[in-house]
Amino acid sequence: METIAPAATENRIQVSNTKKPLFFYVNLAKRFLQQHAEVELSALGMAVATVVTVAEILKNNGLAVEKRIQTCTVEMRDDFKDRPVQKAKMEIVLGKSDQFDHLIALSMQEQEMEAQDELALEAEMERLREQNAAAAA
């Protein structure tokens with residue numbers, strides 16, 4: 001049984017497939033990459049598929065590049081049967097892509113434009129409501 005040495009916790013995300021939605025981890029990894037040169041995604045057991053999906057989304061969107069993938073089996077205590085069980089463990093280290101900062105800036109601009117469009121739409125709807133109220137009176 002191989003062990004994976006623990007990495008610095010400041011840029012490590014423990015991924016679960018039951019606690020949070022998939023895009024929670026995608027967005028958290030983006031935030032970590034804004035603060036650090038790399039992010040480490042780690043998962044046990046059934047969450048391994050989730051950690052692979054998070055990494056692939058970040059890579060396919062041009063935000064991250066794969067630096068290292070490591071797998072092993074760890075022994076854990078089964079709380080129900082009080083016996084040791086083997087679980088798969090995967091760690092994926094991703095680094096910022098060359099385009100990361102540019103893509104994040106574009107994403108933020110799009111969000112600002114969407115917010116401005118939404119405010120303009122709300123203002124127009126309010127104007128029409130007032131116009132309809134005045135016409136009805």
# chains A, B, ... in the order shown; residues from 1 in each chain; ligands from 1
$ residues_around --residues "A:Phe23" --least-positions-apart "5" --cutoff "12 Å" --atoms "only C-alpha atoms" --output "CSV table (one decimal) with C-alpha atoms, in the first residue's frame"
chain,number,residue,atom,x,y,z
A,15,VAL,CA,-13.4,16.8,-3.2
A,16,SER,CA,-16.5,14.9,-2.1
A,17,ASN,CA,-19.3,13.6,-4.3
A,28,LEU,CA,-13.3,27.0,-5.7
A,29,ALA,CA,-10.4,25.7,-7.8
A,30,LYS,CA,-10.6,28.8,-10.0
A,50,THR,CA,-15.9,13.9,-9.3
A,51,VAL,CA,-12.2,15.0,-8.9
A,53,THR,CA,-14.5,15.7,-13.8
A,54,VAL,CA,-13.5,19.0,-12.0
A,55,ALA,CA,-10.0,18.7,-13.5
A,57,ILE,CA,-13.7,21.0,-16.9
A,58,LEU,CA,-10.8,23.3,-15.8
$ residues_around --residues "stretch 84-91 of chain A" --least-positions-apart "4" --cutoff "9 Å" --atoms "only C-alpha atoms" --output "list of chain:residue names"
A:Ile4, A:Glu40, A:Leu41, A:Ser42, A:Ala43, A:Leu44, A:Gly45, A:Met46, A:Ala47, A:Val48, A:Val51, A:Val52, A:Arg68, A:Ile69, A:Gln70, A:Thr71, A:Cys72, A:Thr73, A:Val74, A:Glu75, A:Met76, A:Arg77, A:Asp78
$ select_by_dssp --residues "stretch 10-133 of chain A" --states "strand (DSSP E or B)" --output "VMD selection string"
chain A and resid 12 to 15 38 to 44 64 to 78 83 to 96
$ select_by_dssp --residues "stretch 22-77 of chain A" --states "alpha helix (DSSP H)" --output "ChimeraX atom specification"
/A:22-35,48-60
$ residues_around --residues "stretch 100-113 of chain A" --least-positions-apart "6" --cutoff "9 Å" --atoms "only C-alpha atoms" --output "number ranges by chain"
A: 30, 33-34, 61-64
$ residues_around --residues "A:His36" --least-positions-apart "3" --cutoff "9 Å" --atoms "only C-alpha atoms" --output "PyMOL selection string"
chain A and resi 10-11+31-33+39+95-96
$ write_last_selection --atoms "all heavy atoms" --output "PDB file, in the first residue's frame"
ATOM      1  N   GLU A  10      -2.911  24.971   2.049  1.00  0.00           N
ATOM      2  CA  GLU A  10      -3.461  26.241   1.594  1.00  0.00           C
ATOM      3  C   GLU A  10      -3.976  26.209   0.162  1.00  0.00           C
ATOM      4  O   GLU A  10      -4.801  27.020  -0.207  1.00  0.00           O
ATOM      5  CB  GLU A  10      -2.449  27.365   1.779  1.00  0.00           C
ATOM      6  CG  GLU A  10      -1.234  27.256   0.888  1.00  0.00           C
ATOM      7  CD  GLU A  10      -0.234  28.358   1.159  1.00  0.00           C
ATOM      8  OE1 GLU A  10      -0.260  28.919   2.257  1.00  0.00           O
ATOM      9  OE2 GLU A  10       0.565  28.634   0.258  1.00  0.00           O
ATOM     10  N   ASN A  11      -3.517  25.277  -0.651  1.00  0.00           N
ATOM     11  CA  ASN A  11      -4.013  25.198  -2.025  1.00  0.00           C
ATOM     12  C   ASN A  11      -4.571  23.807  -2.334  1.00  0.00           C
ATOM     13  O   ASN A  11      -4.588  23.392  -3.483  1.00  0.00           O
ATOM     14  CB  ASN A  11      -2.915  25.575  -3.025  1.00  0.00           C
ATOM     15  CG  ASN A  11      -1.779  24.582  -3.047  1.00  0.00           C
ATOM     16  OD1 ASN A  11      -1.534  23.889  -2.074  1.00  0.00           O
ATOM     17  ND2 ASN A  11      -1.093  24.506  -4.166  1.00  0.00           N
ATOM     18  N   ARG A  31     -10.785  30.009  -7.878  1.00  0.00           N
ATOM     19  CA  ARG A  31     -10.356  30.987  -6.876  1.00  0.00           C
ATOM     20  C   ARG A  31      -8.969  30.655  -6.331  1.00  0.00           C
ATOM     21  O   ARG A  31      -8.147  31.547  -6.124  1.00  0.00           O
ATOM     22  CB  ARG A  31     -11.370  31.065  -5.731  1.00  0.00           C
ATOM     23  CG  ARG A  31     -12.441  32.092  -6.032  1.00  0.00           C
ATOM     24  CD  ARG A  31     -13.283  32.407  -4.827  1.00  0.00           C
ATOM     25  NE  ARG A  31     -14.564  31.741  -5.046  1.00  0.00           N
ATOM     26  CZ  ARG A  31     -15.194  30.991  -4.179  1.00  0.00           C
ATOM     27  NH1 ARG A  31     -14.707  30.814  -2.977  1.00  0.00           N
ATOM     28  NH2 ARG A  31     -16.330  30.421  -4.476  1.00  0.00           N
ATOM     29  N   PHE A  32      -8.726  29.362  -6.085  1.00  0.00           N
ATOM     30  CA  PHE A  32      -7.405  28.948  -5.597  1.00  0.00           C
ATOM     31  C   PHE A  32      -6.332  29.267  -6.632  1.00  0.00           C
ATOM     32  O   PHE A  32      -5.242  29.704  -6.275  1.00  0.00           O
ATOM     33  CB  PHE A  32      -7.396  27.449  -5.280  1.00  0.00           C
ATOM     34  CG  PHE A  32      -7.908  27.097  -3.902  1.00  0.00           C
ATOM     35  CD1 PHE A  32      -8.983  27.769  -3.341  1.00  0.00           C
ATOM     36  CD2 PHE A  32      -7.332  26.095  -3.176  1.00  0.00           C
ATOM     37  CE1 PHE A  32      -9.455  27.448  -2.084  1.00  0.00           C
ATOM     38  CE2 PHE A  32      -7.790  25.756  -1.916  1.00  0.00           C
ATOM     39  CZ  PHE A  32      -8.857  26.447  -1.364  1.00  0.00           C
ATOM     40  N   LEU A  33      -6.633  29.052  -7.919  1.00  0.00           N
ATOM     41  CA  LEU A  33      -5.665  29.342  -8.969  1.00  0.00           C
ATOM     42  C   LEU A  33      -5.410  30.842  -9.101  1.00  0.00           C
ATOM     43  O   LEU A  33      -4.331  31.245  -9.533  1.00  0.00           O
ATOM     44  CB  LEU A  33      -6.111  28.749 -10.304  1.00  0.00           C
ATOM     45  CG  LEU A  33      -5.941  27.239 -10.426  1.00  0.00           C
ATOM     46  CD1 LEU A  33      -6.624  26.711 -11.680  1.00  0.00           C
ATOM     47  CD2 LEU A  33      -4.472  26.844 -10.401  1.00  0.00           C
ATOM     48  N   VAL A  39      -3.164  24.256  -7.872  1.00  0.00           N
ATOM     49  CA  VAL A  39      -4.163  23.761  -6.931  1.00  0.00           C
ATOM     50  C   VAL A  39      -4.087  22.236  -6.927  1.00  0.00           C
ATOM     51  O   VAL A  39      -3.862  21.617  -7.967  1.00  0.00           O
ATOM     52  CB  VAL A  39      -5.585  24.248  -7.290  1.00  0.00           C
ATOM     53  CG1 VAL A  39      -6.050  23.738  -8.643  1.00  0.00           C
ATOM     54  CG2 VAL A  39      -6.589  23.853  -6.215  1.00  0.00           C
ATOM     55  N   GLY A  95      -1.954  23.391 -12.667  1.00  0.00           N
ATOM     56  CA  GLY A  95      -1.335  24.712 -12.661  1.00  0.00           C
ATOM     57  C   GLY A  95      -2.140  25.656 -13.528  1.00  0.00           C
ATOM     58  O   GLY A  95      -2.940  25.231 -14.362  1.00  0.00           O
ATOM     59  N   LYS A  96      -1.929  26.943 -13.326  1.00  0.00           N
ATOM     60  CA  LYS A  96      -2.575  27.947 -14.164  1.00  0.00           C
ATOM     61  C   LYS A  96      -2.124  27.767 -15.603  1.00  0.00           C
ATOM     62  O   LYS A  96      -0.940  27.576 -15.860  1.00  0.00           O
ATOM     63  CB  LYS A  96      -2.157  29.354 -13.748  1.00  0.00           C
ATOM     64  CG  LYS A  96      -2.774  29.890 -12.525  1.00  0.00           C
ATOM     65  CD  LYS A  96      -2.289  31.334 -12.337  1.00  0.00           C
ATOM     66  CE  LYS A  96      -2.770  31.893 -11.036  1.00  0.00           C
ATOM     67  NZ  LYS A  96      -2.356  33.278 -10.858  1.00  0.00           N
TER      68      LYS A  96
END
$ closest_residue --among "A:Glu124, A:Glu66, A:Asp79, A:Glu118" --to "A:Ser97" --atoms "only C-alpha atoms"
A:Glu66
$ atom_distance --atom1 "atom CA of A:Gln35" --atom2 "atom CA of A:Gln116"
27.3 Å
$ atom_distance --atom1 "atom CA of A:Lys59" --atom2 "atom CA of A:Ala115"
27.0 Å
$ decode --residues "stretch 28-70 of chain A" --atoms "N, CA and C atoms" --output "compact mmCIF listing (two decimals), in the first residue's frame"
# COMPACT_ATOMS: atom_id res chain seq x y z
N LEU A 28 -14.30 26.92 -6.79
CA LEU A 28 -13.31 27.00 -5.73
C LEU A 28 -11.90 26.83 -6.29
N ALA A 29 -11.72 25.90 -7.20
CA ALA A 29 -10.42 25.69 -7.82
C ALA A 29 -9.99 26.93 -8.61
N LYS A 30 -10.93 27.59 -9.29
CA LYS A 30 -10.61 28.83 -10.00
C LYS A 30 -10.10 29.88 -9.02
N ARG A 31 -10.78 30.01 -7.88
CA ARG A 31 -10.36 30.99 -6.88
C ARG A 31 -8.97 30.65 -6.33
N PHE A 32 -8.73 29.36 -6.08
CA PHE A 32 -7.40 28.95 -5.60
C PHE A 32 -6.33 29.27 -6.63
N LEU A 33 -6.63 29.05 -7.92
CA LEU A 33 -5.66 29.34 -8.97
C LEU A 33 -5.41 30.84 -9.10
N GLN A 34 -6.38 31.67 -8.74
CA GLN A 34 -6.15 33.12 -8.75
C GLN A 34 -5.16 33.51 -7.66
N GLN A 35 -5.13 32.74 -6.57
CA GLN A 35 -4.27 33.07 -5.43
C GLN A 35 -2.94 32.32 -5.44
N HIS A 36 -2.90 31.16 -6.09
CA HIS A 36 -1.71 30.30 -6.08
C HIS A 36 -1.36 29.89 -7.50
N ALA A 37 -0.15 29.45 -7.71
CA ALA A 37 0.29 29.00 -9.03
C ALA A 37 -0.34 27.65 -9.40
N GLU A 38 -0.68 26.87 -8.36
CA GLU A 38 -1.31 25.57 -8.62
C GLU A 38 -2.33 25.23 -7.54
N VAL A 39 -3.16 24.26 -7.87
CA VAL A 39 -4.16 23.76 -6.93
C VAL A 39 -4.09 22.24 -6.93
N GLU A 40 -4.24 21.66 -5.75
CA GLU A 40 -4.25 20.21 -5.63
C GLU A 40 -5.67 19.74 -5.31
N LEU A 41 -6.18 18.88 -6.17
CA LEU A 41 -7.51 18.29 -5.97
C LEU A 41 -7.30 16.88 -5.46
N SER A 42 -7.99 16.53 -4.38
CA SER A 42 -7.79 15.23 -3.76
C SER A 42 -9.15 14.58 -3.52
N ALA A 43 -9.23 13.26 -3.72
CA ALA A 43 -10.50 12.56 -3.50
C ALA A 43 -10.25 11.12 -3.07
N LEU A 44 -11.22 10.59 -2.34
CA LEU A 44 -11.21 9.19 -1.90
C LEU A 44 -12.42 8.45 -2.46
N GLY A 45 -12.23 7.18 -2.77
CA GLY A 45 -13.35 6.31 -3.13
C GLY A 45 -14.18 6.80 -4.29
N MET A 46 -15.50 6.86 -4.07
CA MET A 46 -16.43 7.24 -5.14
C MET A 46 -16.26 8.68 -5.60
N ALA A 47 -15.58 9.51 -4.83
CA ALA A 47 -15.37 10.91 -5.22
C ALA A 47 -14.27 11.06 -6.27
N VAL A 48 -13.56 9.98 -6.57
CA VAL A 48 -12.49 10.05 -7.58
C VAL A 48 -13.06 10.49 -8.93
N ALA A 49 -14.23 9.99 -9.30
CA ALA A 49 -14.85 10.41 -10.57
C ALA A 49 -15.14 11.90 -10.57
N THR A 50 -15.56 12.43 -9.44
CA THR A 50 -15.85 13.86 -9.33
C THR A 50 -14.59 14.69 -9.49
N VAL A 51 -13.50 14.27 -8.87
CA VAL A 51 -12.25 15.03 -8.95
C VAL A 51 -11.72 15.03 -10.39
N VAL A 52 -11.88 13.92 -11.10
CA VAL A 52 -11.46 13.86 -12.50
C VAL A 52 -12.32 14.82 -13.34
N THR A 53 -13.62 14.85 -13.09
CA THR A 53 -14.52 15.73 -13.83
C THR A 53 -14.17 17.20 -13.60
N VAL A 54 -13.91 17.57 -12.35
CA VAL A 54 -13.52 18.95 -12.02
C VAL A 54 -12.25 19.33 -12.79
N ALA A 55 -11.26 18.46 -12.76
CA ALA A 55 -10.00 18.73 -13.46
C ALA A 55 -10.22 18.87 -14.96
N GLU A 56 -11.03 18.00 -15.53
CA GLU A 56 -11.29 18.06 -16.98
C GLU A 56 -12.03 19.32 -17.38
N ILE A 57 -12.97 19.77 -16.56
CA ILE A 57 -13.68 21.02 -16.86
C ILE A 57 -12.69 22.18 -16.90
N LEU A 58 -11.82 22.25 -15.90
CA LEU A 58 -10.84 23.34 -15.85
C LEU A 58 -9.87 23.28 -17.03
N LYS A 59 -9.43 22.08 -17.37
CA LYS A 59 -8.51 21.92 -18.51
C LYS A 59 -9.20 22.23 -19.83
N ASN A 60 -10.40 21.70 -20.03
CA ASN A 60 -11.11 21.90 -21.30
C ASN A 60 -11.52 23.35 -21.52
N ASN A 61 -11.67 24.12 -20.44
CA ASN A 61 -11.99 25.53 -20.57
C ASN A 61 -10.74 26.40 -20.68
N GLY A 62 -9.58 25.76 -20.76
CA GLY A 62 -8.33 26.48 -20.97
C GLY A 62 -7.79 27.18 -19.74
N LEU A 63 -8.34 26.86 -18.57
CA LEU A 63 -7.93 27.54 -17.34
C LEU A 63 -6.74 26.89 -16.65
N ALA A 64 -6.57 25.58 -16.85
CA ALA A 64 -5.55 24.85 -16.10
C ALA A 64 -4.82 23.86 -16.98
N VAL A 65 -3.63 23.51 -16.54
CA VAL A 65 -2.85 22.46 -17.17
C VAL A 65 -2.52 21.42 -16.10
N GLU A 66 -2.49 20.19 -16.53
CA GLU A 66 -2.20 19.08 -15.62
C GLU A 66 -0.72 19.06 -15.30
N LYS A 67 -0.40 19.01 -14.01
CA LYS A 67 1.00 18.94 -13.60
C LYS A 67 1.37 17.56 -13.08
N ARG A 68 0.45 16.96 -12.32
CA ARG A 68 0.75 15.66 -11.72
C ARG A 68 -0.55 14.95 -11.37
N ILE A 69 -0.55 13.64 -11.58
CA ILE A 69 -1.65 12.79 -11.12
C ILE A 69 -1.03 11.66 -10.33
N GLN A 70 -1.57 11.42 -9.16
CA GLN A 70 -1.05 10.34 -8.34
C GLN A 70 -2.21 9.55 -7.77
